[in-house]
>>> print(open('upload_9.tsv').read())   # TSV, C-alpha atoms and all ligand atoms
chain	number	residue	atom	x	y	z
A	1	MET	CA	-4.77	-5.46	15.16
A	2	SER	CA	-1.46	-6.61	16.62
A	3	GLY	CA	-1.67	-10.19	17.78
A	4	GLY	CA	0.55	-9.95	20.86
A	5	ALA	CA	4.30	-9.50	20.85
A	6	ALA	CA	5.74	-10.03	17.39
A	7	ALA	CA	9.16	-11.58	16.96
A	8	PRO	CA	11.76	-8.90	16.34
A	9	GLN	CA	12.50	-8.55	12.66
A	10	GLN	CA	15.83	-7.95	11.04
A	11	LYS	CA	16.03	-4.43	9.68
A	12	LEU	CA	17.71	-5.53	6.46
A	13	GLU	CA	16.57	-8.73	4.82
A	14	ARG	CA	16.89	-10.30	1.37
A	15	LEU	CA	13.43	-11.52	0.38
A	16	SER	CA	14.21	-12.98	-3.04
A	17	ALA	CA	16.93	-12.96	-5.68
A	18	HIS	CA	16.50	-9.27	-6.53
A	19	LEU	CA	14.62	-7.82	-3.58
A	20	TRP	CA	15.76	-6.45	-0.21
A	21	ARG	CA	13.50	-5.21	2.59
A	22	VAL	CA	14.87	-2.26	4.55
A	23	GLU	CA	12.95	-1.42	7.71
A	24	LEU	CA	13.13	2.33	8.30
A	25	PRO	CA	12.02	3.95	11.56
A	26	VAL	CA	8.94	6.02	10.68
A	27	HIS	CA	6.06	7.47	12.63
A	28	THR	CA	3.03	5.69	11.18
A	29	LEU	CA	-0.31	4.12	12.15
A	30	PRO	CA	-0.21	1.65	15.08
A	31	PRO	CA	0.81	-1.11	15.57
A	32	TYR	CA	3.80	-0.22	13.37
A	33	ASP	CA	6.82	1.93	14.16
A	34	HIS	CA	8.42	1.62	10.75
A	35	THR	CA	7.82	1.62	7.02
A	36	ASN	CA	9.52	-0.88	4.76
A	37	ALA	CA	11.55	0.52	1.89
A	38	TYR	CA	12.39	-2.03	-0.80
A	39	LEU	CA	15.49	-2.18	-2.91
A	40	ILE	CA	15.12	-3.93	-6.26
A	41	ALA	CA	18.57	-4.62	-7.66
A	42	ASP	CA	20.30	-6.40	-10.51
A	43	ALA	CA	23.65	-6.05	-12.26
A	44	GLY	CA	24.78	-3.08	-10.19
A	45	VAL	CA	21.60	-1.07	-10.81
A	46	GLY	CA	18.94	-0.35	-8.21
A	47	LEU	CA	15.42	0.99	-7.82
A	48	LEU	CA	14.22	1.95	-4.36
A	49	VAL	CA	10.55	1.87	-3.38
A	50	ASP	CA	9.10	4.06	-0.62
A	51	PRO	CA	11.95	5.66	1.33
A	52	GLY	CA	9.86	6.73	4.31
A	53	ALA	CA	12.73	8.23	6.28
A	54	ALA	CA	16.20	9.66	5.73
A	55	ASP	CA	17.51	10.41	9.19
A	56	ALA	CA	20.97	9.13	10.14
A	57	GLU	CA	19.71	5.66	11.10
A	58	ALA	CA	17.66	5.32	7.90
A	59	LEU	CA	20.51	6.48	5.65
A	60	ALA	CA	22.89	4.02	7.31
A	61	LEU	CA	20.41	1.19	6.67
A	62	LEU	CA	19.87	2.27	3.08
A	63	ASP	CA	23.64	2.42	2.49
A	64	GLU	CA	23.95	-1.02	3.99
A	65	ALA	CA	21.24	-2.29	1.62
A	66	LEU	CA	22.91	-0.70	-1.42
A	67	ALA	CA	26.18	-2.37	-0.45
A	68	ALA	CA	24.56	-5.76	0.22
A	69	ALA	CA	22.83	-5.65	-3.17
A	70	GLU	CA	26.02	-4.39	-4.86
A	71	VAL	CA	24.22	-1.38	-6.30
A	72	ARG	CA	26.56	1.12	-7.92
A	73	LEU	CA	23.79	3.20	-9.49
A	74	LEU	CA	20.48	3.87	-7.75
A	75	LYS	CA	18.71	5.00	-10.87
A	76	ALA	CA	15.21	5.53	-9.55
A	77	ILE	CA	12.93	5.96	-6.58
A	78	ALA	CA	9.35	4.73	-7.04
A	79	LEU	CA	6.44	5.45	-4.72
A	80	THR	CA	3.55	3.07	-4.04
A	81	HIS	CA	1.58	6.13	-2.91
A	82	THR	CA	2.13	9.53	-1.37
A	83	HIS	CA	1.17	9.12	2.30
A	84	PRO	CA	3.85	10.82	4.42
A	85	ASP	CA	5.07	7.56	5.96
A	86	HIS	CA	6.07	6.36	2.47
A	87	VAL	CA	7.67	9.49	1.02
A	88	GLY	CA	9.30	11.14	4.04
A	89	GLY	CA	12.84	10.19	3.03
A	90	VAL	CA	12.79	11.10	-0.68
A	91	GLU	CA	14.41	14.51	-0.28
A	92	GLY	CA	16.99	13.45	2.30
A	93	LEU	CA	18.05	10.37	0.35
A	94	THR	CA	18.36	12.34	-2.89
A	95	ALA	CA	20.55	14.92	-1.13
A	96	HIS	CA	22.61	12.10	0.39
A	97	LEU	CA	23.24	10.51	-3.04
A	98	ARG	CA	24.09	13.87	-4.59
A	99	ALA	CA	26.55	14.67	-1.82
A	100	ARG	CA	28.46	11.58	-2.88
A	101	GLY	CA	28.67	12.87	-6.45
A	102	GLY	CA	25.80	10.87	-7.94
A	103	ASP	CA	22.91	12.11	-10.04
A	104	ALA	CA	19.50	12.52	-8.46
A	105	PRO	CA	17.49	9.35	-9.12
A	106	THR	CA	14.37	9.62	-11.28
A	107	LEU	CA	11.23	9.74	-9.14
A	108	TYR	CA	8.17	7.74	-10.24
A	109	VAL	CA	4.66	8.21	-8.88
A	110	HIS	CA	1.15	7.61	-10.18
A	111	ALA	CA	-0.29	10.60	-12.04
A	112	ALA	CA	-3.33	10.66	-9.72
A	113	GLU	CA	-1.11	11.55	-6.73
A	114	ALA	CA	1.73	13.49	-8.36
A	115	ASP	CA	0.25	16.88	-7.46
A	116	ARG	CA	0.37	16.00	-3.76
A	117	LEU	CA	4.15	16.00	-3.78
A	118	PRO	CA	6.07	19.17	-2.98
A	119	GLU	CA	6.72	21.46	-5.90
A	120	GLY	CA	10.17	20.99	-7.28
A	121	TRP	CA	10.28	17.20	-6.98
A	122	ARG	CA	9.28	16.86	-10.65
A	123	PRO	CA	8.25	13.21	-10.63
A	124	VAL	CA	7.63	11.10	-13.71
A	125	ARG	CA	3.88	10.47	-13.71
A	126	LEU	CA	2.83	6.88	-14.27
A	127	GLN	CA	-0.52	5.89	-15.69
A	128	GLY	CA	-1.69	2.59	-17.09
A	129	GLU	CA	0.88	-0.14	-16.89
A	130	ARG	CA	4.53	0.56	-17.46
A	131	THR	CA	7.55	-1.68	-17.16
A	132	LEU	CA	10.92	-0.36	-15.99
A	133	MET	CA	14.06	-2.44	-16.41
A	134	VAL	CA	16.39	-2.84	-13.43
A	135	GLY	CA	19.28	-4.77	-14.93
A	136	ASP	CA	17.52	-7.80	-16.41
A	137	VAL	CA	14.58	-7.67	-14.01
A	138	ALA	CA	11.35	-6.31	-15.47
A	139	VAL	CA	9.55	-4.18	-12.90
A	140	THR	CA	5.94	-3.60	-13.89
A	141	CYS	CA	4.09	-0.73	-12.25
A	142	LEU	CA	0.57	-2.00	-11.58
A	143	GLU	CA	-2.32	0.27	-10.74
A	144	THR	CA	-3.73	-1.11	-7.48
A	145	PRO	CA	-6.00	1.65	-6.12
A	146	GLY	CA	-8.14	1.21	-3.01
A	147	HIS	CA	-6.03	2.34	-0.07
A	148	SER	CA	-5.34	5.56	-2.00
A	149	PRO	CA	-6.44	6.72	-5.47
A	150	GLY	CA	-3.10	6.34	-7.23
A	151	HIS	CA	-1.71	3.38	-5.32
A	152	LEU	CA	0.83	1.32	-7.26
A	153	SER	CA	2.34	-2.11	-6.77
A	154	PHE	CA	5.60	-3.17	-8.38
A	155	LEU	CA	5.83	-6.62	-9.90
A	156	LEU	CA	9.28	-8.20	-10.38
A	157	ARG	CA	9.52	-10.59	-13.31
A	158	ASN	CA	12.41	-12.57	-14.73
A	159	ALA	CA	12.61	-13.87	-18.28
A	160	GLY	CA	11.66	-17.53	-18.54
A	161	GLU	CA	9.95	-17.69	-15.13
A	162	GLU	CA	6.25	-18.32	-15.10
A	163	ARG	CA	5.42	-16.76	-11.73
A	164	PRO	CA	6.58	-13.25	-10.83
A	165	GLU	CA	9.49	-13.25	-8.36
A	166	ALA	CA	7.74	-10.84	-6.00
A	167	ALA	CA	5.36	-7.90	-5.72
A	168	VAL	CA	6.06	-4.79	-3.68
A	169	VAL	CA	2.55	-3.87	-2.57
A	170	GLY	CA	2.75	-0.81	-0.29
A	171	ASP	CA	-0.45	-0.52	1.73
A	172	LEU	CA	-2.47	-2.95	-0.39
A	173	ALA	CA	-1.69	-5.86	1.93
A	174	VAL	CA	-0.14	-6.77	5.28
A	175	ALA	CA	0.85	-10.09	6.81
A	176	SER	CA	-1.51	-9.68	9.78
A	177	GLY	CA	-4.37	-7.32	10.57
A	178	SER	CA	-5.62	-5.14	7.74
A	179	VAL	CA	-4.86	-1.90	5.95
A	180	TRP	CA	-7.05	1.16	6.21
A	181	VAL	CA	-9.54	1.74	3.38
A	182	GLY	CA	-11.72	4.76	4.05
A	183	HIS	CA	-13.65	7.37	2.09
A	184	PRO	CA	-12.62	9.69	0.43
A	185	GLU	CA	-8.98	8.61	0.25
A	186	GLY	CA	-9.86	4.97	-0.28
A	187	ASP	CA	-12.39	3.02	-2.31
A	188	MET	CA	-13.63	-0.39	-1.20
A	189	ALA	CA	-14.68	-1.74	-4.60
A	190	LEU	CA	-11.34	-0.74	-6.13
A	191	TYR	CA	-9.51	-2.20	-3.15
A	192	LEU	CA	-11.16	-5.61	-3.63
A	193	ALA	CA	-10.45	-5.48	-7.37
A	194	SER	CA	-6.78	-4.72	-6.66
A	195	LEU	CA	-6.50	-7.72	-4.32
A	196	GLU	CA	-8.00	-9.89	-7.06
A	197	ARG	CA	-5.59	-8.46	-9.61
A	198	LEU	CA	-2.61	-9.48	-7.46
A	199	ARG	CA	-4.14	-12.89	-6.84
A	200	ALA	CA	-4.42	-13.53	-10.58
A	201	LEU	CA	-0.74	-12.65	-11.07
A	202	ALA	CA	0.33	-15.00	-8.23
A	203	PRO	CA	3.70	-13.52	-7.26
A	204	ARG	CA	5.88	-15.78	-5.09
A	205	VAL	CA	6.12	-13.28	-2.25
A	206	LEU	CA	4.37	-10.04	-1.25
A	207	ALA	CA	6.45	-7.21	0.12
A	208	PRO	CA	4.15	-4.95	2.19
A	209	GLY	CA	4.75	-1.40	3.36
A	210	HIS	CA	4.61	-2.43	7.02
A	211	GLY	CA	5.47	-5.64	8.83
A	212	PRO	CA	6.95	-8.88	7.51
A	213	ALA	CA	6.76	-10.34	4.01
A	214	VAL	CA	3.82	-12.52	2.99
A	215	VAL	CA	4.86	-15.93	1.69
A	216	ALA	CA	1.46	-17.67	1.66
A	217	VAL	CA	0.41	-15.17	-0.98
A	218	GLN	CA	-2.83	-16.60	-2.37
A	219	LYS	CA	-4.12	-17.52	1.09
A	220	ARG	CA	-3.39	-14.08	2.50
A	221	LEU	CA	-4.97	-12.23	-0.43
A	222	ALA	CA	-8.09	-14.37	-0.01
A	223	GLU	CA	-8.14	-13.62	3.74
A	224	LEU	CA	-7.83	-9.87	3.18
A	225	ALA	CA	-10.77	-9.94	0.75
A	226	ALA	CA	-12.82	-12.15	3.08
A	227	HIS	CA	-12.20	-9.73	5.95
A	228	ARG	CA	-13.73	-6.89	3.91
A	229	LEU	CA	-16.74	-8.95	2.89
A	230	GLU	CA	-17.26	-9.90	6.53
A	231	ARG	CA	-17.32	-6.21	7.44
A	232	GLU	CA	-19.69	-5.58	4.58
A	233	ALA	CA	-22.02	-8.27	5.94
A	234	GLN	CA	-21.87	-6.53	9.34
A	235	VAL	CA	-22.83	-3.22	7.72
A	236	LEU	CA	-25.79	-4.87	6.02
A	237	ALA	CA	-26.80	-6.56	9.28
A	238	ALA	CA	-26.66	-3.21	11.11
A	239	LEU	CA	-28.96	-1.65	8.51
A	240	GLU	CA	-31.29	-4.60	8.74
A	241	GLY	CA	-31.26	-4.27	12.51
A	242	GLY	CA	-32.52	-0.70	12.27
A	243	ALA	CA	-29.37	1.42	12.25
A	244	ALA	CA	-29.86	4.16	9.66
A	245	SER	CA	-27.28	6.89	10.21
A	246	LEU	CA	-23.59	6.49	9.46
A	247	SER	CA	-22.90	7.07	13.15
A	248	ASP	CA	-25.28	4.29	14.24
A	249	VAL	CA	-23.98	1.83	11.66
A	250	THR	CA	-20.39	2.60	12.72
A	251	ALA	CA	-21.29	2.14	16.40
A	252	ALA	CA	-22.93	-1.21	15.62
A	253	VAL	CA	-20.09	-2.54	13.46
A	254	TYR	CA	-17.21	-1.19	15.56
A	255	ARG	CA	-18.64	-1.84	19.01
A	256	GLY	CA	-16.19	-0.92	21.75
A	257	VAL	CA	-13.67	0.77	19.48
A	258	PRO	CA	-11.90	3.65	21.28
A	259	ASP	CA	-13.07	7.15	20.41
A	260	ASP	CA	-9.77	8.22	18.87
A	261	VAL	CA	-10.08	5.69	16.06
A	262	LEU	CA	-13.83	6.03	15.63
A	263	GLY	CA	-13.27	8.70	12.94
A	264	LEU	CA	-11.22	6.27	10.87
A	265	ALA	CA	-13.81	3.56	11.45
A	266	ARG	CA	-16.56	5.88	10.26
A	267	GLN	CA	-14.71	6.63	6.99
A	268	SER	CA	-14.24	2.92	6.51
A	269	VAL	CA	-17.95	2.20	7.02
A	270	LEU	CA	-18.73	4.99	4.57
A	271	ALA	CA	-16.47	3.28	2.00
A	272	HIS	CA	-18.53	0.10	2.47
A	273	LEU	CA	-21.82	2.02	2.13
A	274	LEU	CA	-20.61	3.68	-1.09
A	275	LYS	CA	-19.73	0.30	-2.57
A	276	LEU	CA	-23.14	-1.08	-1.57
A	277	MET	CA	-24.91	1.94	-3.03
A	278	HIS	CA	-22.98	1.51	-6.27
A	279	GLU	CA	-24.17	-2.09	-6.34
A	280	MET	CA	-27.73	-0.84	-5.71
A	281	ARG	CA	-28.01	-2.84	-2.50
A	282	VAL	CA	-28.23	0.20	-0.24
A	283	MET	CA	-29.81	3.59	-0.78
A	284	HIS	CA	-28.99	6.96	0.63
A	285	LEU	CA	-32.00	8.95	1.81
A	286	GLY	CA	-31.58	12.65	2.13
A	287	ASP	CA	-28.28	14.31	1.32
A	288	ALA	CA	-26.26	14.43	4.51
A	289	GLU	CA	-23.19	12.23	4.77
A	290	ASP	CA	-24.58	10.81	8.00
A	291	GLY	CA	-27.56	9.41	6.10
A	292	PRO	CA	-30.06	8.04	6.63
A	293	TYR	CA	-29.20	4.88	4.71
A	294	ALA	CA	-31.48	1.93	4.07
A	295	LEU	CA	-31.40	-1.48	2.44
A	296	ARG	CA	-32.94	-1.62	-1.02
A	297	THR	CA	-35.58	-4.24	-1.17
A	301	ZN	ZN	-0.78	4.68	3.23
>>> encode(input="upload_9.tsv", output="structure tokens")
Amino acid sequence: MSGGAAAPQQKLERLSAHLWRVELPVHTLPPYDHTNAYLIADAGVGLLVDPGAADAEALALLDEALAAAEVRLLKAIALTHTHPDHVGGVEGLTAHLRARGGDAPTLYVHAAEADRLPEGWRPVRLQGERTLMVGDVAVTCLETPGHSPGHLSFLLRNAGEERPEAAVVGDLAVASGSVWVGHPEGDMALYLASLERLRALAPRVLAPGHGPAVVAVQKRLAELAAHRLEREAQVLAALEGGAASLSDVTAAVYRGVPDDVLGLARQSVLAHLLKLMHEMRVMHLGDAEDGPYALRT
């Protein structure tokens, strides 16, 4: 996944007029050692997406970002999804803001994942499309499921501009490699539809949950979709070649993958098989998850 040594990134970086990337140290899936929080700010007001950590280093970086963006009021925290590496700092940051005499920011999350959060957080549940104003910037909460069932992306739009300024996309996209889409947490058909949805909106920059920003947006979204369809072709080829069980298909598609990630690979292959079954291109014989599966002819 990681293509050799990456150039060191700045931990605080302004990506566009109203968007700052804040790289917080977080224990997450390799090759990453951080999760990006994003500060959307205008006219002294801020909205923070995905505070994955709130230890001393993370709080110092977040304070630095608030100062750089001249935010006097952090009015909300919004979550792309509820995986621990994206929500780990919510409580600590809220306590930190309160200790300075501020109100607790409103917490936004998709309704499909709200019940996964600890009791007492009382988030506002988003469903459908909703636009929040941050100063004069319109931040539209887009449903982009696939990596997780209630995954959201946040689209920044300015009046009079044709293309959106940016999209904060959580684990929908990354600049290199790919994100994990596996059953039952993920859904391959929905994932591809979410990529297409972003492509149609054509934001100027993508702000992913891990790694650097994506500036060649349309190209990268096309690559991410092509990567999945390539895998799908490999799954079909494995079935055609005689593999029938989920284990055999996984072994054929992910040849040489170390054992400790084979479980993740298997869930990913299952997500492909479910999509293919839905499209009536593959059938499931018997009723065990391991199959057998076969091509429909
Ligand atoms: Zn995730």
>>> atom_distance(input="upload_9.tsv", atom1="atom CA of A:Pro149", atom2="atom CA of A:Val49")
17.8 Å
>>> residues_near_ligand(input="upload_9.tsv", ligand="ligand ZN 301 (chain A)", cutoff="10 Å", atoms="all atoms listed in the file", output="JSON, numbers by chain")
{"A": [28, 29, 35, 80, 81, 82, 83, 84, 85, 86, 87, 147, 148, 151, 170, 171, 172, 179, 180, 181, 185, 186, 209, 210]}
>>> closest_residue(input="upload_9.tsv", among="A:Ala189, A:Ala244, A:Pro212, A:Asp103", to="A:Met283", atoms="only C-alpha atoms")
A:Ala244
>>> residues_around(input="upload_9.tsv", residues="stretch 21-23 of chain A", least_positions_apart="5", cutoff="12 Å", atoms="all atoms listed in the file", output="number ranges by chain")
A: 8-16, 32-41, 48-54, 57-66, 68-69, 86, 166-168, 170, 205-213
>>> atom_distance(input="upload_9.tsv", atom1="atom CA of A:Val71", atom2="atom CA of A:Ala56")
19.8 Å
>>> closest_atom_pairs(input="upload_9.tsv", of="stretch 84-179 of chain A", to="stretch 214-233 of chain A", cutoff="9 Å", atoms="all atoms listed in the file", output="JSON lines")
{"residue": "A:Ala173", "atom": "CA", "partner": "A:Leu224", "partner_atom": "CA", "distance": 7.4}
{"residue": "A:Val174", "atom": "CA", "partner": "A:Val214", "partner_atom": "CA", "distance": 7.3}
{"residue": "A:Ala175", "atom": "CA", "partner": "A:Val214", "partner_atom": "CA", "distance": 5.4}
{"residue": "A:Ser176", "atom": "CA", "partner": "A:Arg220", "partner_atom": "CA", "distance": 8.7}
{"residue": "A:Gly177", "atom": "CA", "partner": "A:Leu224", "partner_atom": "CA", "distance": 8.5}
{"residue": "A:Ser178", "atom": "CA", "partner": "A:Leu224", "partner_atom": "CA", "distance": 6.9}
{"residue": "A:Val179", "atom": "CA", "partner": "A:Leu224", "partner_atom": "CA", "distance": 8.9}
>>> residues_around(input="upload_9.tsv", residues="A:Leu142", least_positions_apart="5", cutoff="8 Å", atoms="all atoms listed in the file", output="list of chain:residue names")
A:Gly128, A:Glu129, A:Arg130, A:Leu152, A:Ser153, A:Phe154, A:Leu155
>>> closest_residue(input="upload_9.tsv", among="A:Leu195, A:Ala202, A:Ala17, A:Ala265", to="A:Glu162", atoms="only C-alpha atoms")
A:Ala202
>>> closest_residue(input="upload_9.tsv", among="A:Gly242, A:Gly150, A:Pro145, A:Gly182", to="A:Arg197", atoms="all atoms listed in the file")
A:Pro145
>>> closest_residue(input="upload_9.tsv", among="A:Val124, A:Val235, A:Ala138, A:Val90", to="A:Tyr254", atoms="only C-alpha atoms")
A:Val235
>>> residues_around(input="upload_9.tsv", residues="A:Leu236", least_positions_apart="6", cutoff="9 Å", atoms="only C-alpha atoms", output="list in words")
Val249, Leu273, Leu276, Val282 and Leu295 of chain A
>>> axis_aligned_box(input="upload_9.tsv", around="stretch 36-42 of chain A", padding_each_side="4 Å", output="AutoDock Vina command-line options")
--center_x 14.9 --center_y -2.9 --center_z -2.9 --size_x 18.8 --size_y 14.9 --size_z 23.3
>>> atom_distance(input="upload_9.tsv", atom1="atom CA of A:Trp20", atom2="atom CA of A:Ala99")
23.8 Å
>>> build_atoms(input="upload_9.tsv", residues="stretch 23-33 of chain A", atoms="all heavy atoms", output="compact mmCIF listing (two decimals), keeping the file's coordinate frame")
# COMPACT_ATOMS: atom_id res chain seq x y z
N GLU A 23 13.94 -1.92 6.75
CA GLU A 23 12.95 -1.42 7.71
C GLU A 23 13.41 -0.08 8.27
O GLU A 23 14.38 -0.02 9.03
CB GLU A 23 12.80 -2.46 8.82
CG GLU A 23 11.74 -2.14 9.83
CD GLU A 23 11.63 -3.26 10.86
OE1 GLU A 23 11.54 -4.43 10.47
OE2 GLU A 23 11.64 -2.93 12.05
N LEU A 24 12.72 0.99 7.89
CA LEU A 24 13.13 2.33 8.30
C LEU A 24 12.24 2.84 9.43
O LEU A 24 11.01 2.70 9.37
CB LEU A 24 13.03 3.29 7.11
CG LEU A 24 13.83 2.88 5.86
CD1 LEU A 24 13.61 3.91 4.74
CD2 LEU A 24 15.31 2.76 6.18
N PRO A 25 12.84 3.42 10.46
CA PRO A 25 12.02 3.95 11.56
C PRO A 25 11.18 5.14 11.08
O PRO A 25 11.71 6.13 10.60
CB PRO A 25 13.08 4.42 12.58
CG PRO A 25 14.34 4.62 11.80
CD PRO A 25 14.27 3.69 10.62
N VAL A 26 9.86 4.99 11.18
CA VAL A 26 8.94 6.02 10.68
C VAL A 26 7.75 6.10 11.62
O VAL A 26 7.27 5.07 12.10
CB VAL A 26 8.44 5.67 9.25
CG1 VAL A 26 7.32 6.61 8.81
CG2 VAL A 26 9.58 5.71 8.24
N HIS A 27 7.27 7.30 11.85
CA HIS A 27 6.06 7.47 12.63
C HIS A 27 4.87 7.16 11.73
O HIS A 27 4.62 7.85 10.75
CB HIS A 27 5.99 8.92 13.14
CG HIS A 27 4.86 9.14 14.07
ND1 HIS A 27 4.86 8.64 15.36
CD2 HIS A 27 3.68 9.76 13.91
CE1 HIS A 27 3.73 8.96 15.95
NE2 HIS A 27 2.99 9.64 15.09
N THR A 28 4.14 6.09 12.04
CA THR A 28 3.03 5.69 11.18
C THR A 28 1.89 5.17 12.03
O THR A 28 1.90 5.31 13.25
CB THR A 28 3.53 4.64 10.15
OG1 THR A 28 2.46 4.27 9.29
CG2 THR A 28 4.07 3.38 10.83
N LEU A 29 0.86 4.60 11.39
CA LEU A 29 -0.31 4.12 12.15
C LEU A 29 0.08 2.91 13.00
O LEU A 29 0.82 2.04 12.57
CB LEU A 29 -1.42 3.69 11.19
CG LEU A 29 -2.24 4.79 10.51
CD1 LEU A 29 -3.29 4.16 9.61
CD2 LEU A 29 -2.91 5.69 11.53
N PRO A 30 -0.43 2.83 14.24
CA PRO A 30 -0.21 1.65 15.08
C PRO A 30 -0.73 0.40 14.35
O PRO A 30 -1.67 0.52 13.57
CB PRO A 30 -1.05 1.92 16.33
CG PRO A 30 -1.53 3.32 16.22
CD PRO A 30 -1.30 3.82 14.85
N PRO A 31 -0.20 -0.76 14.56
CA PRO A 31 0.81 -1.11 15.57
C PRO A 31 2.25 -0.95 15.07
O PRO A 31 3.16 -1.46 15.71
CB PRO A 31 0.51 -2.59 15.81
CG PRO A 31 0.09 -3.11 14.46
CD PRO A 31 -0.67 -1.95 13.82
N TYR A 32 2.46 -0.26 13.97
CA TYR A 32 3.80 -0.22 13.37
C TYR A 32 4.60 1.01 13.79
O TYR A 32 4.04 2.06 14.06
CB TYR A 32 3.70 -0.30 11.84
CG TYR A 32 3.03 -1.58 11.40
CD1 TYR A 32 1.75 -1.56 10.88
CD2 TYR A 32 3.67 -2.80 11.56
CE1 TYR A 32 1.12 -2.74 10.52
CE2 TYR A 32 3.06 -3.98 11.20
CZ TYR A 32 1.78 -3.95 10.68
OH TYR A 32 1.18 -5.11 10.33
N ASP A 33 5.92 0.82 13.84
CA ASP A 33 6.82 1.93 14.16
C ASP A 33 7.84 2.09 13.04
O ASP A 33 8.93 2.58 13.23
CB ASP A 33 7.55 1.65 15.48
CG ASP A 33 8.33 0.34 15.44
OD1 ASP A 33 8.32 -0.34 14.38
OD2 ASP A 33 8.97 -0.01 16.45
